[in-house]
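Asker: Sharing run21.cif, mmCIF, C-alpha atoms:
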```
data_entry
loop_
_atom_site.label_atom_id
_atom_site.label_comp_id
_atom_site.auth_asym_id
_atom_site.auth_seq_id
_atom_site.Cartn_x
_atom_site.Cartn_y
_atom_site.Cartn_z
CA MET A 1 26.66 0.24 2.05
CA ALA A 2 26.91 -2.14 5.03
CA LYS A 3 30.23 -3.73 5.94
CA SER A 4 30.71 -7.29 4.71
CA ALA A 5 31.98 -8.65 8.04
CA SER A 6 29.01 -11.05 8.38
CA PRO A 7 29.46 -14.57 6.92
CA SER A 8 28.85 -14.75 3.22
CA ILE A 9 28.94 -17.16 0.32
CA VAL A 10 29.99 -16.24 -3.19
CA VAL A 11 28.45 -18.23 -6.04
CA GLU A 12 29.46 -17.76 -9.65
CA GLN A 13 26.71 -18.99 -11.91
CA LYS A 14 24.78 -18.64 -15.13
CA VAL A 15 21.05 -19.04 -14.82
CA THR A 16 19.41 -20.85 -17.72
CA VAL A 17 15.83 -20.74 -18.88
CA GLU A 18 15.22 -24.22 -17.36
CA ASP A 19 16.60 -23.08 -13.99
CA TYR A 20 14.36 -20.04 -14.04
CA SER A 21 11.30 -22.06 -15.04
CA ARG A 22 11.88 -24.61 -12.26
CA ALA A 23 12.51 -21.89 -9.67
CA ALA A 24 9.40 -19.96 -10.70
CA SER A 25 7.32 -23.13 -10.51
CA ALA A 26 8.65 -24.02 -7.03
CA VAL A 27 8.05 -20.51 -5.69
CA ARG A 28 4.55 -20.36 -7.18
CA TYR A 29 3.69 -23.68 -5.52
CA PHE A 30 4.20 -22.21 -2.05
CA SER A 31 3.37 -18.54 -2.54
CA ALA A 32 0.00 -19.11 -4.25
CA PRO A 33 -1.55 -22.37 -2.95
CA PHE A 34 -4.95 -21.49 -4.43
CA LYS A 35 -3.39 -21.39 -7.89
CA ARG A 36 -2.07 -24.94 -7.66
CA ARG A 37 -3.46 -27.22 -10.34
CA SER A 38 -4.52 -29.76 -7.70
CA PHE A 39 -6.65 -27.14 -5.91
CA ARG A 40 -8.23 -25.79 -9.09
CA ALA A 41 -8.89 -29.27 -10.50
CA LEU A 42 -10.39 -30.38 -7.19
CA ILE A 43 -12.93 -27.53 -7.31
CA PHE A 44 -14.15 -28.66 -10.74
CA ILE A 45 -14.13 -32.34 -9.74
CA THR A 46 -16.30 -31.41 -6.74
CA VAL A 47 -18.71 -29.54 -9.03
CA ALA A 48 -18.74 -32.55 -11.37
CA ALA A 49 -19.43 -34.95 -8.48
CA VAL A 50 -22.25 -32.79 -7.07
CA SER A 51 -23.81 -32.45 -10.54
CA ALA A 52 -23.48 -36.20 -11.16
CA SER A 53 -25.24 -36.94 -7.89
CA LEU A 54 -28.08 -34.60 -8.96
CA VAL A 55 -28.55 -36.59 -12.20
CA PHE A 56 -29.77 -39.62 -10.24
CA SER A 57 -32.01 -37.59 -7.93
CA CYS A 58 -33.51 -35.78 -10.95
CA ARG A 59 -34.16 -39.11 -12.64
CA SER A 60 -35.69 -40.71 -9.55
CA SER A 61 -37.98 -37.73 -8.83
CA GLY A 62 -39.05 -37.69 -12.47
CA PHE A 63 -38.28 -34.07 -13.23
CA GLY A 64 -36.97 -35.07 -16.62
CA ARG A 65 -34.32 -32.38 -16.57
CA GLU A 66 -31.33 -34.59 -15.89
CA LYS A 67 -29.64 -33.26 -19.05
CA ILE A 68 -28.63 -30.04 -17.24
CA PRO A 69 -26.66 -31.65 -14.36
CA GLU A 70 -25.30 -34.19 -16.85
CA ALA A 71 -23.93 -31.41 -19.02
CA ILE A 72 -22.50 -29.55 -16.01
CA ALA A 73 -20.83 -32.74 -14.75
CA ILE A 74 -19.25 -33.48 -18.15
CA ILE A 75 -18.06 -29.88 -18.66
CA SER A 76 -16.65 -29.66 -15.12
CA ALA A 77 -14.80 -32.97 -15.50
CA ALA A 78 -13.38 -31.79 -18.84
CA VAL A 79 -12.26 -28.47 -17.30
CA ALA A 80 -10.63 -30.35 -14.38
CA ALA A 81 -8.74 -32.57 -16.83
CA ALA A 82 -7.71 -29.55 -18.91
CA ILE A 83 -6.39 -27.75 -15.81
CA TRP A 84 -4.49 -30.83 -14.67
CA PHE A 85 -2.77 -31.37 -18.00
CA LEU A 86 -2.50 -27.83 -19.43
CA GLN A 87 -1.63 -25.67 -16.42
CA PRO A 88 2.00 -26.86 -15.94
CA PRO A 89 3.04 -26.31 -19.59
CA ALA A 90 1.26 -22.93 -19.61
CA GLU A 91 3.10 -21.84 -16.45
CA SER A 92 6.38 -23.07 -17.82
CA ARG A 93 5.79 -21.16 -21.08
CA SER A 94 5.03 -18.00 -19.15
CA ALA A 95 8.23 -18.32 -17.06
CA LYS A 96 10.30 -18.98 -20.17
CA ARG A 97 8.80 -15.96 -21.94
CA LEU A 98 9.63 -13.80 -18.93
CA PHE A 99 13.21 -15.07 -18.78
CA SER A 100 13.83 -14.70 -22.48
CA SER A 101 12.53 -11.12 -22.36
CA CYS A 102 15.37 -10.17 -19.99
CA ALA A 103 18.79 -10.37 -21.62
CA LEU A 104 20.42 -9.32 -18.33
CA MET A 105 19.21 -12.40 -16.46
CA SER A 106 21.07 -14.81 -18.73
CA LEU A 107 24.47 -13.13 -18.22
CA PRO A 108 27.07 -14.93 -16.08
CA GLU A 109 26.77 -13.48 -12.58
CA LYS A 110 28.40 -13.41 -9.18
CA VAL A 111 25.94 -13.81 -6.31
CA THR A 112 27.11 -12.92 -2.82
CA VAL A 113 24.73 -14.07 -0.11
CA TYR A 114 24.84 -12.35 3.29
CA ARG A 115 22.65 -12.88 6.34
CA ASP A 116 20.60 -9.78 5.58
CA ARG A 117 20.98 -9.28 1.85
CA VAL A 118 22.15 -10.60 -1.49
CA VAL A 119 24.32 -8.81 -4.04
CA ILE A 120 24.02 -9.88 -7.67
CA GLU A 121 26.68 -8.62 -10.04
CA ASN A 122 27.07 -9.18 -13.75
CA SER A 123 28.84 -7.31 -16.53
CA CYS A 124 26.01 -4.78 -16.78
CA GLU A 125 24.48 -4.34 -13.35
CA SER A 126 24.90 -4.65 -9.60
CA ILE A 127 21.78 -5.31 -7.55
CA THR A 128 21.48 -5.32 -3.77
CA GLU A 129 18.34 -6.92 -2.41
CA TYR A 130 17.47 -7.19 1.29
CA TRP A 131 15.80 -10.37 2.52
CA THR A 132 13.20 -8.36 4.44
CA ASP A 133 11.57 -7.48 1.09
CA PHE A 134 11.14 -11.12 0.08
CA PHE A 135 8.01 -13.09 0.89
CA ALA A 136 8.91 -16.64 -0.13
CA CYS A 137 11.97 -18.85 -0.25
CA VAL A 138 12.15 -22.35 -1.66
CA GLU A 139 15.01 -24.81 -1.52
CA THR A 140 15.28 -27.58 -4.11
CA ASP A 141 18.03 -30.11 -4.70
CA GLU A 142 19.59 -27.85 -7.33
CA MET A 143 19.00 -24.31 -6.09
CA ILE A 144 17.55 -21.89 -3.58
CA ALA A 145 15.06 -19.38 -4.97
CA ALA A 146 13.58 -16.37 -3.21
CA ALA A 147 10.72 -14.24 -4.51
CA GLY A 148 9.76 -10.63 -3.85
CA GLY A 149 12.86 -8.55 -4.67
CA ARG A 150 12.35 -4.92 -5.61
CA GLU A 151 14.73 -4.81 -8.56
CA ARG A 152 14.83 -8.51 -9.46
CA PHE A 153 11.70 -10.32 -8.38
CA LEU A 154 13.15 -13.83 -8.39
CA VAL A 155 16.64 -14.40 -6.99
CA ILE A 156 18.18 -17.79 -7.77
CA VAL A 157 21.26 -19.26 -6.13
CA LYS A 158 22.40 -22.48 -7.76
CA LYS A 159 23.96 -25.16 -5.59
CA ARG A 160 25.91 -26.83 -8.38
CA GLY A 161 29.68 -26.76 -7.81
CA LEU A 162 29.49 -25.81 -4.14
CA ALA A 163 31.38 -27.83 -1.54
CA GLU A 164 29.50 -29.54 1.28
CA LYS A 165 30.70 -26.92 3.79
CA GLN A 166 29.59 -24.06 1.53
CA LEU A 167 26.19 -25.68 1.07
CA LYS A 168 25.78 -25.86 4.83
CA ILE A 169 26.69 -22.17 5.20
CA LEU A 170 24.32 -21.27 2.35
CA SER A 171 21.45 -23.18 3.96
CA SER A 172 22.17 -21.58 7.34
CA LEU A 173 22.24 -18.08 5.78
CA PHE A 174 18.85 -18.62 4.15
CA GLY A 175 17.57 -20.35 7.27
CA TYR A 176 18.55 -17.29 9.30
CA ALA A 177 17.05 -14.83 6.79
CA PHE A 178 13.77 -16.66 6.27
CA GLU A 179 13.46 -18.36 9.67
CA GLY A 180 10.54 -20.79 9.36
CA ARG A 181 9.50 -19.43 5.94
CA ILE A 182 11.86 -21.54 3.85
CA HIS A 183 10.13 -24.39 2.03
CA ARG A 184 11.44 -27.58 0.57
CA PHE A 185 10.46 -28.56 -2.99
CA PRO A 186 9.46 -31.21 -3.93
CA VAL A 187 7.68 -31.56 -0.59
CA ARG A 188 9.10 -34.39 1.51
CA ARG A 189 6.56 -36.22 3.61
CA LYS A 190 7.49 -36.80 7.26
CA ARG A 191 7.69 -40.49 8.16
CA MET B 1 30.63 12.54 -29.61
CA MET B 2 27.29 13.27 -28.02
CA LYS B 3 27.07 14.77 -24.54
CA PRO B 4 25.11 12.37 -22.27
CA VAL B 5 21.78 13.51 -20.88
CA THR B 6 21.86 12.99 -17.12
CA VAL B 7 18.89 13.37 -14.82
CA SER B 8 18.51 12.90 -11.06
CA PHE B 9 15.14 12.50 -9.48
CA ALA B 10 12.92 10.90 -6.86
CA ILE B 11 9.48 9.61 -7.81
CA THR B 12 6.66 11.84 -6.54
CA ARG B 13 3.00 10.88 -6.26
CA GLU B 14 2.19 12.57 -9.59
CA ASP B 15 5.12 10.80 -11.27
CA PHE B 16 3.95 7.44 -9.96
CA ILE B 17 0.40 8.02 -11.21
CA LYS B 18 1.70 9.02 -14.65
CA GLU B 19 3.99 5.98 -14.70
CA ALA B 20 1.03 3.71 -13.93
CA GLU B 21 -0.92 5.33 -16.78
CA ALA B 22 2.01 4.84 -19.15
CA ARG B 23 2.32 1.17 -18.17
CA MET B 24 -1.40 0.73 -18.83
CA LYS B 25 -0.96 2.25 -22.29
CA VAL B 26 1.94 -0.14 -23.01
CA GLN B 27 -0.17 -3.13 -22.07
CA LEU B 28 -3.26 -1.91 -23.90
CA THR B 29 -1.75 -1.41 -27.33
CA ALA B 30 -3.54 0.46 -30.11
CA SER B 31 -4.67 -2.84 -31.66
CA VAL B 32 -6.23 -4.04 -28.36
CA ARG B 33 -8.01 -0.70 -27.96
CA ALA B 34 -9.25 -0.94 -31.55
CA CYS B 35 -10.49 -4.51 -30.90
CA ILE B 36 -12.47 -3.35 -27.86
CA ARG B 37 -14.07 -0.55 -29.90
CA ILE B 38 -14.86 -2.91 -32.79
CA CYS B 39 -16.50 -5.38 -30.38
CA GLY B 40 -18.55 -2.51 -28.97
CA THR B 41 -19.56 -1.37 -32.45
CA ILE B 42 -20.63 -4.90 -33.46
CA MET B 43 -22.68 -5.21 -30.27
CA LEU B 44 -24.27 -1.80 -30.91
CA CYS B 45 -25.21 -2.79 -34.48
CA PHE B 46 -26.65 -6.07 -33.22
CA ALA B 47 -28.73 -4.27 -30.56
CA CYS B 48 -30.01 -1.77 -33.15
CA LEU B 49 -30.93 -4.66 -35.46
CA ILE B 50 -33.00 -6.24 -32.68
CA PHE B 51 -34.85 -2.96 -32.12
CA VAL B 52 -35.46 -2.33 -35.82
CA ARG B 53 -36.36 -5.85 -36.94
CA LYS B 54 -38.33 -7.13 -33.97
CA LYS B 55 -40.32 -9.54 -36.08
CA ILE B 56 -37.24 -11.50 -37.06
CA PHE B 57 -36.26 -12.00 -33.44
CA TYR B 58 -38.50 -12.48 -30.44
CA ALA B 59 -40.46 -9.42 -29.42
CA ASP B 60 -39.53 -9.84 -25.77
CA LEU B 61 -35.87 -9.22 -26.51
CA ASN B 62 -36.21 -5.47 -25.88
CA TRP B 63 -34.55 -5.61 -22.48
CA THR B 64 -31.77 -7.83 -23.80
CA ALA B 65 -31.17 -5.41 -26.67
CA ALA B 66 -31.10 -2.48 -24.24
CA ALA B 67 -28.54 -4.29 -22.06
CA ILE B 68 -26.38 -5.11 -25.10
CA MET B 69 -26.59 -1.48 -26.19
CA ALA B 70 -25.53 -0.25 -22.75
CA ILE B 71 -22.52 -2.59 -22.76
CA ALA B 72 -21.65 -1.52 -26.30
CA VAL B 73 -21.75 2.19 -25.39
CA PHE B 74 -19.56 1.45 -22.37
CA LEU B 75 -17.01 -0.40 -24.52
CA ILE B 76 -16.89 2.28 -27.21
CA PHE B 77 -16.84 5.44 -25.11
CA LEU B 78 -16.31 4.68 -21.43
CA PHE B 79 -13.99 1.67 -21.15
CA MET B 80 -10.68 3.53 -21.53
CA PRO B 81 -11.61 6.53 -19.33
CA THR B 82 -12.95 4.17 -16.61
CA LEU B 83 -9.83 2.00 -16.77
CA GLY B 84 -7.61 5.10 -16.62
CA LEU B 85 -9.51 6.35 -13.59
CA ALA B 86 -9.15 2.99 -11.83
CA VAL B 87 -5.42 2.84 -12.61
CA ARG B 88 -4.87 6.41 -11.33
CA LYS B 89 -6.85 5.73 -8.14
CA ASN B 90 -4.99 2.49 -7.48
CA ALA B 91 -1.59 4.13 -8.07
CA SER B 92 -2.49 7.03 -5.80
CA GLU B 93 -3.58 4.66 -3.02
CA ARG B 94 -0.43 2.56 -3.36
CA PHE B 95 1.77 5.63 -3.20
CA ASN B 96 -0.07 7.04 -0.19
CA ALA B 97 0.20 3.68 1.57
CA GLY B 98 3.99 3.80 1.04
CA SER B 99 4.05 0.43 -0.66
CA ILE B 100 6.16 1.46 -3.66
CA LYS B 101 9.34 2.28 -1.68
CA ALA B 102 10.84 4.38 -4.49
CA THR B 103 14.37 5.67 -4.01
CA ALA B 104 16.21 8.50 -5.72
CA LYS B 105 17.89 7.67 -9.03
CA THR B 106 20.36 9.14 -11.45
CA VAL B 107 19.90 8.08 -15.05
CA SER B 108 22.32 8.98 -17.78
CA PHE B 109 21.64 8.45 -21.49
CA ALA B 110 24.99 8.10 -23.25
CA GLU B 111 25.73 7.20 -26.86
CA ASP B 112 25.92 3.43 -26.32
CA VAL B 113 24.67 2.75 -22.81
CA VAL B 114 22.16 3.88 -20.23
CA LYS B 115 23.67 4.31 -16.77
CA ILE B 116 21.36 3.93 -13.80
CA ASN B 117 22.52 4.71 -10.32
CA ALA B 118 20.29 4.15 -7.31
CA GLU B 119 20.79 3.10 -3.72
CA ARG B 120 20.38 -0.59 -4.47
CA TYR B 121 20.83 -0.71 -8.22
CA LYS B 122 23.78 0.29 -10.36
CA ALA B 123 23.74 -0.49 -14.03
CA LYS B 124 25.41 0.28 -17.32
CA ILE B 125 23.08 -1.27 -19.87
CA PRO B 126 23.74 -1.26 -23.62
CA TYR B 127 20.67 -0.26 -25.64
CA SER B 128 20.58 -3.68 -27.31
CA MET B 129 19.87 -5.33 -23.93
CA PHE B 130 16.64 -3.45 -23.32
CA TYR B 131 13.43 -5.35 -23.88
CA ALA B 132 11.50 -2.23 -24.87
CA ALA B 133 11.07 1.48 -24.24
CA TYR B 134 8.05 3.71 -24.22
CA ALA B 135 7.54 7.45 -24.06
CA ASP B 136 4.42 9.50 -23.62
CA GLU B 137 3.95 13.17 -22.78
CA ALA B 138 4.96 12.72 -19.11
CA THR B 139 7.12 9.60 -18.71
CA ILE B 140 9.82 7.51 -20.34
CA LEU B 141 9.72 3.80 -19.47
CA LEU B 142 12.79 1.63 -19.98
CA TYR B 143 11.94 -2.06 -19.87
CA THR B 144 14.74 -4.51 -19.02
CA ALA B 145 12.19 -7.36 -19.01
CA VAL B 146 8.43 -7.80 -19.44
CA ASN B 147 7.94 -7.17 -15.72
CA GLU B 148 10.94 -4.94 -14.93
CA CYS B 149 10.94 -1.31 -15.83
CA CYS B 150 12.60 1.95 -14.86
CA SER B 151 10.56 5.11 -15.25
CA ILE B 152 12.01 8.55 -15.86
CA PRO B 153 9.69 11.53 -15.42
CA LYS B 154 10.03 13.97 -18.30
CA ARG B 155 9.74 16.90 -15.91
CA THR B 156 13.41 16.30 -15.05
CA MET B 157 14.50 17.13 -18.63
CA SER B 158 14.41 20.24 -20.75
CA ILE B 159 12.57 20.10 -24.10
CA SER B 160 15.84 19.74 -26.04
CA GLU B 161 16.99 16.94 -23.70
CA GLN B 162 13.67 15.14 -24.16
CA GLU B 163 14.08 15.34 -27.92
CA GLN B 164 17.67 14.13 -27.67
CA VAL B 165 16.72 11.14 -25.49
CA GLU B 166 13.76 10.19 -27.64
CA GLY B 167 15.89 10.46 -30.78
CA LEU B 168 18.53 8.26 -29.19
CA LEU B 169 15.99 5.63 -28.10
CA ALA B 170 14.36 5.67 -31.55
CA SER B 171 17.67 5.21 -33.35
CA LYS B 172 19.07 2.55 -30.99
CA LEU B 173 15.96 0.54 -30.16
CA LYS B 174 14.13 0.99 -33.46
CA GLN B 175 10.92 -1.09 -33.34
CA LYS B 176 11.34 -1.73 -29.61
CA PHE B 177 10.75 1.97 -28.89
CA LYS B 178 7.13 3.01 -28.85
CA GLN B 179 5.98 6.56 -28.54
CA GLU B 180 2.50 7.75 -27.73
CA GLY B 181 1.07 9.58 -30.74
CA ALA B 182 2.74 9.77 -34.15
CA ARG B 183 5.02 6.73 -34.02
CA GLU B 184 2.20 4.45 -32.93
CA TRP B 185 0.32 5.20 -36.12
CA MET B 186 3.43 5.08 -38.28
CA ARG B 187 4.07 1.40 -37.51
#
```
Could you spell out this file's structure in structure tokens?

Answerer:
Amino acid sequence: MAKSASPSIVVEQKVTVEDYSRAASAVRYFSAPFKRRSFRALIFITVAAVSASLVFSCRSSGFGREKIPEAIAIISAAVAAAIWFLQPPAESRSAKRLFSSCALMSLPEKVTVYRDRVVIENSCESITEYWTDFFACVETDEMIAAAGGRERFLVIVKKRGLAEKQLKILSSLFGYAFEGRIHRFPVRRKR
Amino acid sequence: MMKPVTVSFAITREDFIKEAEARMKVQLTASVRACIRICGTIMLCFACLIFVRKKIFYADLNWTAAAIMAIAVFLIFLFMPTLGLAVRKNASERFNAGSIKATAKTVSFAEDVVKINAERYKAKIPYSMFYAAYADEATILLYTAVNECCSIPKRTMSISEQEQVEGLLASKLKQKFKQEGAREWMR
């Protein structure tokens, strides 16, 4: 085990199902951009628009088969709407199911964040994860979540209860570990 | 007081392939496998009906019926072997590529808890906190969540130890413990 001489932050927390769901959603947003509802819905809206434009050309050329593009346009628009409205609750359900399947995740835990690793300890287990194994890190107003751990895929560090100085150290530790790969959620537009 | 069963091991290529097969069997439960076979059977009956009663349907449906029959035969007889082959090949490739990064572990099955000791993971988990467990002829899988599992190759245990561990899991986890073979049909 490495010496703990490097700066560290200790956070005592209890992750809830809502925390997990929000963290999973934020991480998914950045790690899988092609699975975003906006991207998927846009594909179907494009198909609907192309099909709708074919309806008029079919009518004007007198083919008499405008029913086919009409049907495609309606179905595509319906699928786009379904994706837009149903994907977020479905994703949230899936994250909640995953969290509720793991009794260990809901135990009160002590998270020690180092520059190179994180140690999660609760009454049943002690996990050491190295940041080099992680592929995504997202910072929100309430927490920092990193995805890709070997033993625990999603590591959540809640910011609640931390002093301003501790928050700064926490951000700098993650900034050092994920250099340029740490995202902010919700995305803030540059002015 | 029962003497704990303790095993120490590192995952080999064969172990990893057998673990992948076991995980596949957990996901494809007996009812899912039965559903696939029933779908295949219905499709086969439908294709046979087209061949026998051509006058009812269109005569030019011969090719369609043949295609349905081919799919049905695949679903009934070849789906599981093909899937197993794909899973084994994928697991073998992942292991050879070094992407699984498995470390040595010591697992101890005591009366009330399972102790796991690895380089990065130390745990003392009561049986009630496991999500599920599964055992087949080669592997024991201990699930702490839907997507988190610890596999223990049975080659590391003697026959009596295997029986002891399986008995313990069956008594402590009850319906959450699934075993390939007899128990699956008993449920």

Asker: Output as a list in words the set of chain B residues within 9 Å of chain A, with distances taken over all atoms listed in the file.

Answerer: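 Selected residues: Lys101, Ile116, Glu119, Arg120, Tyr121, Lys122, Ala123, Lys124, Ile125, Pro126, Ser128, Met129, Phe130, Tyr131, Tyr143, Thr144, Ala145, Val146, Asn147, Glu148 and Cys149 of chain B.
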
Asker: Could you give me, as a ChimeraX atom specification, the residues within 12 Å of B:Asn90, counting all atoms listed in the file and dropping anything in the same chain fewer than 3 positions from it?

Answerer: /B:13,16-18,20-21,83-87,93-97,99-100

Asker: Would you write out, as a tab-separated table (two decimals) with C-alpha atoms, keeping the file's coordinate frame, every residue that the PyMOL selection byres ((chain B and resi 29) around 12) captures in this file?

Answerer:
```
chain	number	residue	atom	x	y	z
B	22	ALA	CA	2.01	4.84	-19.15
B	23	ARG	CA	2.32	1.17	-18.17
B	24	MET	CA	-1.40	0.73	-18.83
B	25	LYS	CA	-0.96	2.25	-22.29
B	26	VAL	CA	1.94	-0.14	-23.01
B	27	GLN	CA	-0.17	-3.13	-22.07
B	28	LEU	CA	-3.26	-1.91	-23.90
B	30	ALA	CA	-3.54	0.46	-30.11
B	31	SER	CA	-4.67	-2.84	-31.66
B	32	VAL	CA	-6.23	-4.04	-28.36
B	33	ARG	CA	-8.01	-0.70	-27.96
B	34	ALA	CA	-9.25	-0.94	-31.55
B	35	CYS	CA	-10.49	-4.51	-30.90
B	36	ILE	CA	-12.47	-3.35	-27.86
B	80	MET	CA	-10.68	3.53	-21.53
B	134	TYR	CA	8.05	3.71	-24.22
B	178	LYS	CA	7.13	3.01	-28.85
B	179	GLN	CA	5.98	6.56	-28.54
B	180	GLU	CA	2.50	7.75	-27.73
B	181	GLY	CA	1.07	9.58	-30.74
B	184	GLU	CA	2.20	4.45	-32.93
B	185	TRP	CA	0.32	5.20	-36.12
```

Asker: Report as number ranges by chain the residues that result from applying the PyMOL selection byres ((chain A and resi 80) around 10) to the structure here.

Answerer: A: 37-48, 74-79, 81-86

Asker: May I have the selected residues written with C-alpha atoms, as a PDB file, keeping the file's coordinate frame?

Answerer:
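Saved the output as selection_9.pdb:
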```pdb
ATOM      1  CA  ARG A  37      -3.460 -27.220 -10.340  1.00  0.00           C
ATOM      2  CA  SER A  38      -4.520 -29.760  -7.700  1.00  0.00           C
ATOM      3  CA  PHE A  39      -6.650 -27.140  -5.910  1.00  0.00           C
ATOM      4  CA  ARG A  40      -8.230 -25.790  -9.090  1.00  0.00           C
ATOM      5  CA  ALA A  41      -8.890 -29.270 -10.500  1.00  0.00           C
ATOM      6  CA  LEU A  42     -10.390 -30.380  -7.190  1.00  0.00           C
ATOM      7  CA  ILE A  43     -12.930 -27.530  -7.310  1.00  0.00           C
ATOM      8  CA  PHE A  44     -14.150 -28.660 -10.740  1.00  0.00           C
ATOM      9  CA  ILE A  45     -14.130 -32.340  -9.740  1.00  0.00           C
ATOM     10  CA  THR A  46     -16.300 -31.410  -6.740  1.00  0.00           C
ATOM     11  CA  VAL A  47     -18.710 -29.540  -9.030  1.00  0.00           C
ATOM     12  CA  ALA A  48     -18.740 -32.550 -11.370  1.00  0.00           C
ATOM     13  CA  ILE A  74     -19.250 -33.480 -18.150  1.00  0.00           C
ATOM     14  CA  ILE A  75     -18.060 -29.880 -18.660  1.00  0.00           C
ATOM     15  CA  SER A  76     -16.650 -29.660 -15.120  1.00  0.00           C
ATOM     16  CA  ALA A  77     -14.800 -32.970 -15.500  1.00  0.00           C
ATOM     17  CA  ALA A  78     -13.380 -31.790 -18.840  1.00  0.00           C
ATOM     18  CA  VAL A  79     -12.260 -28.470 -17.300  1.00  0.00           C
ATOM     19  CA  ALA A  81      -8.740 -32.570 -16.830  1.00  0.00           C
ATOM     20  CA  ALA A  82      -7.710 -29.550 -18.910  1.00  0.00           C
ATOM     21  CA  ILE A  83      -6.390 -27.750 -15.810  1.00  0.00           C
ATOM     22  CA  TRP A  84      -4.490 -30.830 -14.670  1.00  0.00           C
ATOM     23  CA  PHE A  85      -2.770 -31.370 -18.000  1.00  0.00           C
ATOM     24  CA  LEU A  86      -2.500 -27.830 -19.430  1.00  0.00           C
TER      25      LEU A  86
END
```

Asker: Hey, can you check how far atom CA of B:Arg37 sits from atom CA of A:Ser94?

Answerer: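 So the answer is 28.0 Å.
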
Asker: So that I can see what lies close to B:Thr139, please list as a list in words the residues with an atom at most 8 Å from it, counting only C-alpha atoms and leaving out residues fewer than 6 positions away in the same chain.

Answerer: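 These residues fall inside the cut-off: Asp15, Lys18, Glu19, Ala22, Ser151, Ile152, Pro153 and Lys154 of chain B.
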
Asker: Please save C-alpha atoms of the selected residues as a PDB file, keeping the file's coordinate frame.

Answerer:
```pdb
ATOM      1  CA  ASP B  15       5.120  10.800 -11.270  1.00  0.00           C
ATOM      2  CA  LYS B  18       1.700   9.020 -14.650  1.00  0.00           C
ATOM      3  CA  GLU B  19       3.990   5.980 -14.700  1.00  0.00           C
ATOM      4  CA  ALA B  22       2.010   4.840 -19.150  1.00  0.00           C
ATOM      5  CA  SER B 151      10.560   5.110 -15.250  1.00  0.00           C
ATOM      6  CA  ILE B 152      12.010   8.550 -15.860  1.00  0.00           C
ATOM      7  CA  PRO B 153       9.690  11.530 -15.420  1.00  0.00           C
ATOM      8  CA  LYS B 154      10.030  13.970 -18.300  1.00  0.00           C
TER       9      LYS B 154
END
```

Asker: Mind telling me what the PyMOL selection byres ((chain B and resi 44-51) around 8) catches here, as a ChimeraX atom specification?

Answerer: /B:40-43,52-54,57,61-62,65-66,68-69,72-73

Asker: Which is closer to B:Val165 than all the others in B:Ala133, B:Phe79, B:Ala118, B:Ile71, using all atoms listed in the file?

Answerer: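 Counting all atoms listed in the file, the residue closest to B:Val165 is B:Ala133.
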
Asker: For B:Tyr127, list every protein, DNA or RNA residue within 8 Å, evaluated using all atoms listed in the file, and leave out those in the same chain fewer than 6 positions away; present the list as a PyMOL selection string.

Answerer: chain B and resi 112-114+169+172-173

Asker: At what distance in Å, to one decimal, does atom CA of A:Val50 lie from atom CA of A:Gln87?

Answerer: 23.7 Å

Asker: Provide the atom CA of A:Arg160 to atom CA of A:Arg22 distance in Å, to one decimal place.

Answerer: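 Between atom CA of A:Arg160 and atom CA of A:Arg22 the gap works out to 14.7 Å.
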
Asker: Neighbours of B:Ile159 within 12 Å (all atoms listed in the file; same-chain residues fewer than 4 positions away dropped), as a list in words?

Answerer: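 The residues that qualify are Val5, Glu137, Ala138, Lys154, Arg155, Glu163, Gln164, Val165 and Glu166 of chain B.
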
Asker: What would stretch 102-113 of chain A look like if you wrote it out as a PDB file, in the first residue's frame, with C-alpha atoms included, from the block I just posted?

Answerer:
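Listed below is the output, result.pdb:
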```
ATOM      1  CA  CYS A 102     -26.346  -3.417  -4.017  1.00  0.00           C
ATOM      2  CA  ALA A 103     -26.910  -3.262  -0.261  1.00  0.00           C
ATOM      3  CA  LEU A 104     -23.243  -2.323   0.251  1.00  0.00           C
ATOM      4  CA  MET A 105     -23.543   0.937  -1.681  1.00  0.00           C
ATOM      5  CA  SER A 106     -26.152   2.377   0.671  1.00  0.00           C
ATOM      6  CA  LEU A 107     -24.016   1.883   3.813  1.00  0.00           C
ATOM      7  CA  PRO A 108     -22.469   4.963   5.452  1.00  0.00           C
ATOM      8  CA  GLU A 109     -18.932   5.235   4.105  1.00  0.00           C
ATOM      9  CA  LYS A 110     -15.658   7.069   4.525  1.00  0.00           C
ATOM     10  CA  VAL A 111     -14.116   8.201   1.249  1.00  0.00           C
ATOM     11  CA  THR A 112     -10.477   9.265   1.254  1.00  0.00           C
ATOM     12  CA  VAL A 113      -9.420  10.982  -1.946  1.00  0.00           C
TER      13      VAL A 113
END
```
